[in-house]
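The data block below is my_file.pdb; it holds PDB, C-alpha atoms.
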```pdb
ATOM      1  CA  MET A 221       0.000   0.000   0.000
ATOM      2  CA  ASN A 222       1.177   3.485  -0.852
ATOM      3  CA  PRO A 223       1.141   5.520   2.384
ATOM      4  CA  SER A 224       0.618   8.784   0.536
ATOM      5  CA  ARG A 225      -2.338   7.773  -1.640
ATOM      6  CA  TRP A 226      -5.690   8.294   0.045
ATOM      7  CA  ARG A 227      -8.861   6.393  -0.827
ATOM      8  CA  THR A 228     -12.356   7.766  -0.310
ATOM      9  CA  VAL A 229     -12.883   5.326   2.570
ATOM     10  CA  ASP A 230      -9.749   6.692   4.277
ATOM     11  CA  ILE A 231     -11.004  10.277   4.072
ATOM     12  CA  LEU A 232     -14.480   9.345   5.279
ATOM     13  CA  THR A 233     -13.147   7.261   8.150
ATOM     14  CA  CYS A 234     -10.908  10.089   9.338
ATOM     15  CA  ALA A 235     -13.790  12.544   9.016
ATOM     16  CA  VAL A 236     -16.141  10.304  11.020
ATOM     17  CA  LEU A 237     -13.481   9.838  13.706
ATOM     18  CA  ALA A 238     -12.985  13.616  13.815
ATOM     19  CA  VAL A 239     -16.685  14.353  14.210
ATOM     20  CA  ALA A 240     -17.129  11.676  16.876
ATOM     21  CA  PHE A 241     -14.136  12.891  18.856
ATOM     22  CA  SER A 242     -15.170  16.537  18.534
ATOM     23  CA  VAL A 243     -18.217  15.670  20.623
ATOM     24  CA  VAL A 244     -15.936  13.899  23.103
ATOM     25  CA  PHE A 245     -13.690  17.008  23.143
ATOM     26  CA  TRP A 246     -16.680  19.232  23.825
ATOM     27  CA  ALA A 247     -17.675  17.083  26.817
ATOM     28  CA  TRP A 248     -14.055  16.743  27.981
ATOM     29  CA  ASN A 249     -13.793  20.533  28.206
ATOM     30  CA  PHE A 250     -16.270  20.332  31.100
ATOM     31  CA  VAL A 251     -14.223  17.623  32.808
ATOM     32  CA  TRP A 252     -11.086  19.775  32.436
ATOM     33  CA  ALA A 253     -12.886  22.800  33.890
ATOM     34  CA  ALA A 254     -14.159  20.744  36.835
ATOM     35  CA  LEU A 255     -10.849  19.019  37.584
ATOM     36  CA  SER A 256      -8.579  22.052  37.310
ATOM     37  CA  PRO A 257      -9.750  23.619  40.612
ATOM     38  CA  ALA A 258      -9.546  20.231  42.344
ATOM     39  CA  LEU A 259      -5.918  19.947  41.258
ATOM     40  CA  SER A 260      -5.013  23.520  42.142
ATOM     41  CA  PHE A 261      -2.708  22.291  44.933
ATOM     42  CA  TYR A 262      -0.264  21.412  42.098
ATOM     43  CA  PRO A 263      -1.462  23.082  38.845
ATOM     44  CA  PRO A 264       0.739  21.078  36.414
ATOM     45  CA  LEU A 265      -1.140  17.951  37.514
ATOM     46  CA  ALA A 266      -4.137  19.112  35.467
ATOM     47  CA  ALA A 267      -2.211  17.801  32.438
ATOM     48  CA  VAL A 268      -2.888  14.235  33.584
ATOM     49  CA  VAL A 269      -6.212  14.325  31.688
ATOM     50  CA  TYR A 270      -4.711  15.818  28.523
ATOM     51  CA  GLY A 271      -4.366  12.580  26.578
ATOM     52  CA  LEU A 272      -8.015  12.210  25.629
ATOM     53  CA  TRP A 273      -7.837  15.268  23.360
ATOM     54  CA  LEU A 274      -5.057  13.558  21.404
ATOM     55  CA  ILE A 275      -6.602  10.204  20.536
ATOM     56  CA  PRO A 276      -7.508  11.166  16.937
ATOM     57  CA  ALA A 277      -3.866  12.127  16.256
ATOM     58  CA  VAL A 278      -2.828   8.538  17.032
ATOM     59  CA  LEU A 279      -5.922   6.484  16.222
ATOM     60  CA  ALA A 280      -6.329   7.668  12.617
ATOM     61  CA  PRO A 281      -2.769   6.770  11.531
ATOM     62  CA  LEU A 282      -3.103   3.406  13.274
ATOM     63  CA  ILE A 283      -6.240   2.646  11.265
ATOM     64  CA  VAL A 284      -5.778   4.182   7.804
ATOM     65  CA  ARG A 285      -1.948   4.207   7.777
ATOM     66  CA  LYS A 286      -1.687   7.155   5.421
ATOM     67  CA  ALA A 287       0.611  10.149   5.598
ATOM     68  CA  GLY A 288      -1.224  13.075   7.160
ATOM     69  CA  ALA A 289      -4.004  11.051   8.798
ATOM     70  CA  GLY A 290      -3.162  12.300  12.288
ATOM     71  CA  ILE A 291      -2.952  15.948  11.240
ATOM     72  CA  PHE A 292      -6.141  15.770   9.170
ATOM     73  CA  THR A 293      -8.200  13.977  11.819
ATOM     74  CA  GLU A 294      -6.969  15.978  14.820
ATOM     75  CA  GLY A 295      -7.299  19.259  12.897
ATOM     76  CA  LEU A 296     -10.821  18.465  11.713
ATOM     77  CA  ALA A 297     -11.808  17.347  15.218
ATOM     78  CA  ALA A 298     -10.511  20.669  16.548
ATOM     79  CA  LEU A 299     -12.499  22.591  13.920
ATOM     80  CA  MET A 300     -15.665  20.676  14.774
ATOM     81  CA  SER A 301     -14.961  21.273  18.470
ATOM     82  CA  LEU A 302     -14.831  24.994  17.723
ATOM     83  CA  LEU A 303     -18.164  24.797  15.922
ATOM     84  CA  LEU A 304     -19.656  22.994  18.933
ATOM     85  CA  GLY A 305     -18.594  25.888  21.162
ATOM     86  CA  SER A 306     -15.064  25.330  22.385
ATOM     87  CA  PRO A 307     -14.155  27.824  25.107
ATOM     88  CA  TYR A 308     -10.708  28.218  23.527
ATOM     89  CA  GLY A 309     -11.890  29.997  20.382
ATOM     90  CA  MET A 310      -9.971  29.908  17.101
ATOM     91  CA  THR A 311      -6.769  28.870  18.855
ATOM     92  CA  VAL A 312      -8.188  25.352  19.144
ATOM     93  CA  ILE A 313      -7.663  24.898  15.394
ATOM     94  CA  TYR A 314      -3.979  25.827  15.517
ATOM     95  CA  GLN A 315      -3.470  23.670  18.556
ATOM     96  CA  GLY A 316      -5.286  20.733  16.950
ATOM     97  CA  LEU A 317      -3.073  20.916  13.880
ATOM     98  CA  LEU A 318       0.022  21.095  16.066
ATOM     99  CA  GLN A 319      -1.148  18.121  18.138
ATOM    100  CA  GLY A 320      -1.843  16.187  14.940
ATOM    101  CA  LEU A 321       1.656  16.971  13.706
ATOM    102  CA  GLY A 322       3.141  15.745  16.975
ATOM    103  CA  GLY A 323       1.179  12.516  16.713
ATOM    104  CA  GLU A 324       2.131  12.090  13.070
ATOM    105  CA  LEU A 325       5.910  12.362  13.530
ATOM    106  CA  PRO A 326       6.615   8.838  14.894
ATOM    107  CA  PHE A 327       4.607   7.260  12.067
ATOM    108  CA  ALA A 328       6.489   9.383   9.527
ATOM    109  CA  ALA A 329       9.810   8.466  11.172
ATOM    110  CA  GLY A 330       8.872   4.818  10.638
ATOM    111  CA  ARG A 331       7.957   5.636   7.018
ATOM    112  CA  TYR A 332       4.371   4.545   7.791
ATOM    113  CA  ARG A 333       5.524   0.942   8.183
ATOM    114  CA  ARG A 334       5.705   0.700  11.994
ATOM    115  CA  PHE A 335       2.485   0.622  13.982
ATOM    116  CA  GLY A 336       3.432  -1.195  17.173
ATOM    117  CA  ASN A 337       3.146  -0.155  20.791
ATOM    118  CA  ALA A 338       6.419   1.800  20.750
ATOM    119  CA  THR A 339       5.269   3.924  17.808
ATOM    120  CA  ALA A 340       1.858   4.507  19.390
ATOM    121  CA  LEU A 341       3.460   5.469  22.718
ATOM    122  CA  ALA A 342       5.806   7.899  20.966
ATOM    123  CA  ALA A 343       2.935   9.356  18.929
ATOM    124  CA  GLY A 344       0.851   9.939  22.049
ATOM    125  CA  ALA A 345       3.784  11.467  23.918
ATOM    126  CA  LEU A 346       4.801  13.784  21.052
ATOM    127  CA  ALA A 347       1.204  14.884  20.501
ATOM    128  CA  GLY A 348       1.102  15.720  24.221
ATOM    129  CA  VAL A 349       4.371  17.635  24.028
ATOM    130  CA  ALA A 350       3.192  19.565  20.962
ATOM    131  CA  GLY A 351      -0.130  20.471  22.569
ATOM    132  CA  THR A 352       1.311  21.516  25.896
ATOM    133  CA  LEU A 353       4.137  23.517  24.319
ATOM    134  CA  TRP A 354       1.391  25.547  22.659
ATOM    135  CA  ASP A 355      -0.296  25.881  26.053
ATOM    136  CA  VAL A 356       2.769  27.084  27.924
ATOM    137  CA  PHE A 357       3.642  29.685  25.314
ATOM    138  CA  TYR A 358       0.120  30.874  24.496
ATOM    139  CA  TRP A 359      -1.959  30.355  27.646
ATOM    140  CA  TYR A 360       0.720  30.349  30.373
ATOM    141  CA  PRO A 361       3.529  32.628  29.136
ATOM    142  CA  ASP A 362       4.207  34.083  32.589
ATOM    143  CA  ALA A 363       4.239  30.769  34.459
ATOM    144  CA  ASP A 364       7.491  29.679  36.039
ATOM    145  CA  LEU A 365       9.585  27.395  33.823
ATOM    146  CA  TRP A 366      10.558  24.775  36.417
ATOM    147  CA  ALA A 367       7.596  25.087  38.767
ATOM    148  CA  PHE A 368       4.915  24.853  36.062
ATOM    149  CA  LYS A 369       5.957  24.604  32.405
ATOM    150  CA  VAL A 370       8.391  21.678  32.513
ATOM    151  CA  PRO A 371       6.264  19.497  34.839
ATOM    152  CA  TYR A 372       3.120  20.374  32.861
ATOM    153  CA  VAL A 373       4.665  19.255  29.576
ATOM    154  CA  ALA A 374       6.201  16.128  31.156
ATOM    155  CA  ILE A 375       2.958  15.063  32.867
ATOM    156  CA  ALA A 376       0.995  15.614  29.655
ATOM    157  CA  ALA A 377       3.543  13.621  27.638
ATOM    158  CA  ALA A 378       3.317  10.668  30.030
ATOM    159  CA  SER A 379      -0.472  10.834  30.239
ATOM    160  CA  SER A 380      -0.803  11.187  26.481
ATOM    161  CA  ALA A 381       1.526   8.277  25.791
ATOM    162  CA  ILE A 382      -0.743   6.063  27.870
ATOM    163  CA  VAL A 383      -4.187   7.471  27.051
ATOM    164  CA  ALA A 384      -3.722   8.487  23.404
ATOM    165  CA  GLY A 385      -0.947   6.032  22.517
ATOM    166  CA  LEU A 386      -1.855   2.788  24.233
ATOM    167  CA  GLY A 387      -5.529   3.774  24.365
ATOM    168  CA  SER A 388      -5.615   4.060  20.577
ATOM    169  CA  LYS A 389      -3.865   0.698  20.234
ATOM    170  CA  GLY A 390      -6.513  -0.723  22.554
ATOM    171  CA  LEU A 391      -9.322   0.763  20.468
ATOM    172  CA  VAL A 392      -7.868  -0.743  17.291
ATOM    173  CA  LYS A 393      -7.478  -4.115  19.006
ATOM    174  CA  ALA A 394     -11.087  -3.944  20.235
ATOM    175  CA  MET A 395     -12.351  -3.142  16.726
ATOM    176  CA  LEU A 396     -10.372  -5.873  14.950
ATOM    177  CA  PRO A 397     -12.633  -8.837  15.811
ATOM    178  CA  THR A 398     -15.703  -6.962  14.564
ATOM    179  CA  GLY A 399     -14.384  -6.802  11.003
ATOM    180  CA  VAL A 400     -15.008  -3.062  10.805
ATOM    181  CA  LEU A 401     -11.337  -2.486   9.948
ATOM    182  CA  ASP A 402     -11.098  -5.129   7.227
ATOM    183  CA  ARG A 403     -10.870  -2.492   4.473
ATOM    184  CA  PHE A 404      -7.763  -1.024   6.108
ATOM    185  CA  PRO A 405      -4.216  -2.306   6.569
ATOM    186  CA  ALA A 406      -4.886  -2.441  10.322
ATOM    187  CA  GLY A 407      -7.754  -4.867   9.705
ATOM    188  CA  ARG A 408      -5.553  -7.260   7.814
ATOM    189  CA  GLU A 409      -3.633  -7.934  11.008
ATOM    190  CA  ARG A 410      -6.484  -9.686  12.755
ATOM    191  CA  GLN A 411      -6.325 -13.397  13.048
ATOM    192  CA  ARG A 412      -8.677 -15.267  10.798
ATOM    193  CA  ILE A 413     -10.682 -18.075  12.373
TER     194      ILE A 413
END
```
Translate the structure of the given file into structure tokens.
Amino acid sequence: MNPSRWRTVDILTCAVLAVAFSVVFWAWNFVWAALSPALSFYPPLAAVVYGLWLIPAVLAPLIVRKAGAGIFTEGLAALMSLLLGSPYGMTVIYQGLLQGLGGELPFAAGRYRRFGNATALAAGALAGVAGTLWDVFYWYPDADLWAFKVPYVAIAAASSAIVAGLGSKGLVKAMLPTGVLDRFPAGRERQRI
């Protein structure tokens, strides 16, 4: 399979994932707003829930295995999140594209031929780093480097590696037996009975 050639089913699958996760993002904004005050004793700890926003950046490349799938899906999910009423305004689009790029890099480094746990973990972590670097420069420019910025990015990277990285691998594994992924390279990995 040519990793740069997209089929209609690839585009539609990424678009459906983006729309579905934009609704999840919209709801997750409320969770973030509710948890942030509860974690105010150590503000960087709020980044522990960051990984959910990054699942499309990892899940789409794991399924369709095409160059740009993470950027397209995460960016479109961010746009749809904006249309649903994201409290972050237009910046959510830029951040979504940046998160998608972070998630895309490990797949690109493997030339879209490596889709194991290590690649998924790296994709989740880099998407988390990309997203939180945007945060610390745009939303928290005056925060202390060592007291807030570095721990915030590190906590988000670890959380994102687990939630977005391994979580996306888990979602793919859960979908494999259903046959829903049979039209994709990921679906060809399932064991036939």
So that I can check the surroundings of Ala235 (chain A), please list as a ChimeraX atom specification every protein, DNA and RNA residue that reaches within 10 Å of it, counting all atoms listed in the file and ignoring chain neighbours fewer than 5 positions away. /A:229-230,240-241,280,289,292-294,296-297
Write out the residues from the selection above, keeping C-alpha atoms, as a PDB file, in the frame of the given file.
```
ATOM      1  CA  VAL A 229     -12.883   5.326   2.570  1.00  0.00           C
ATOM      2  CA  ASP A 230      -9.749   6.692   4.277  1.00  0.00           C
ATOM      3  CA  ALA A 240     -17.129  11.676  16.876  1.00  0.00           C
ATOM      4  CA  PHE A 241     -14.136  12.891  18.856  1.00  0.00           C
ATOM      5  CA  ALA A 280      -6.329   7.668  12.617  1.00  0.00           C
ATOM      6  CA  ALA A 289      -4.004  11.051   8.798  1.00  0.00           C
ATOM      7  CA  PHE A 292      -6.141  15.770   9.170  1.00  0.00           C
ATOM      8  CA  THR A 293      -8.200  13.977  11.819  1.00  0.00           C
ATOM      9  CA  GLU A 294      -6.969  15.978  14.820  1.00  0.00           C
ATOM     10  CA  LEU A 296     -10.821  18.465  11.713  1.00  0.00           C
ATOM     11  CA  ALA A 297     -11.808  17.347  15.218  1.00  0.00           C
TER      12      ALA A 297
END
```
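For the choices A:Val356, A:Ala363, A:Ala381, A:Gly305, the atom-to-atom distance to Gly322 (chain A) is smallest for A:Ala381 when using all atoms listed in the file.
In terms of minimum interatomic distance to Leu318 (chain A), A:Leu346 ranks closest within A:Leu255, A:Leu346, A:Val284, A:Leu302, counting all atoms listed in the file.
Restricting the calculation to only C-alpha atoms, the smallest distance between Leu279 (chain A) and any of A:Lys369, A:Arg227, A:Arg331, A:Lys389 is found for A:Lys389.
Between Ser242 (chain A) and the candidates A:Pro276, A:Pro361, A:Gly348, A:Gly271, the tightest atom-to-atom separation, counting all atoms listed in the file, involves A:Pro276.
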Distance criterion (all atoms listed in the file): nearest to Leu303 (chain A) out of A:Trp246, A:Trp273, A:Phe261, A:Phe327: A:Trp246
Skipping near chain neighbours, those fewer than 5 positions away, what residues fall within 12 Å of Leu265 (chain A) using all atoms listed in the file, listed as a PyMOL selection string? chain A and resi 252+255-260+270+367-379
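For the set A:Leu282, A:Met310, A:Ile275, A:Met300, the residue with the smallest atom-to-atom gap to Gly344 (chain A) is A:Ile275, counting all atoms listed in the file.
Pairwise distance (CA of Asp355 (chain A), CA of Ala342 (chain A)) equals 19.7 Å.
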Which neighbours of region 399-409 of chain A fall inside 6 Å, counting all atoms listed in the file, when residues of the same chain fewer than 2 positions from it are skipped, and could you give them as an MDAnalysis selection string? chainID A and resid 283:284 396:397
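Using only C-alpha atoms, the protein and nucleic acid residues lying no more than 7 Å from Gly323 (chain A), apart from those fewer than 4 places from it along its own chain, are Ala277, Val278, Gly290, Gln319, Ala343, Gly344, Leu346 and Ala347 of chain A.
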Go ahead and find all residues with at least one atom no further than 7 Å from (-14.3, 19.8, 22.0) in the file's coordinates, using all atoms listed in the file; report them as an MDAnalysis selection string. chainID A and resid 242:249 298 301:302 304 306
What does the distance from CA of Asp364 (chain A) to CA of Ala266 (chain A) come to in Å, to one decimal? 15.7 Å
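Computed from the coordinates, the CA of Gly295 (chain A) to CA of Val312 (chain A) distance equals 8.8 Å.
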Find the residues around Trp226 (chain A) up to 12 Å (only C-alpha atoms counted), leave out those fewer than 2 positions away in its own chain, and share them as a list of chain:residue names. A:Met221, A:Asn222, A:Pro223, A:Ser224, A:Thr228, A:Val229, A:Asp230, A:Ile231, A:Leu232, A:Thr233, A:Cys234, A:Pro281, A:Val284, A:Arg285, A:Lys286, A:Ala287, A:Gly288, A:Ala289, A:Phe292, A:Phe404
Around all listed atoms of region 238-256 of chain A, padded 4 Å per side, what centre and edge lengths does the axis-aligned box have in Å to one decimal, as lines of an AutoDock Vina configuration file?
```
center_x = -13.4
center_y = 17.2
center_z = 25.7
size_x = 17.6
size_y = 19.1
size_z = 31.8
```
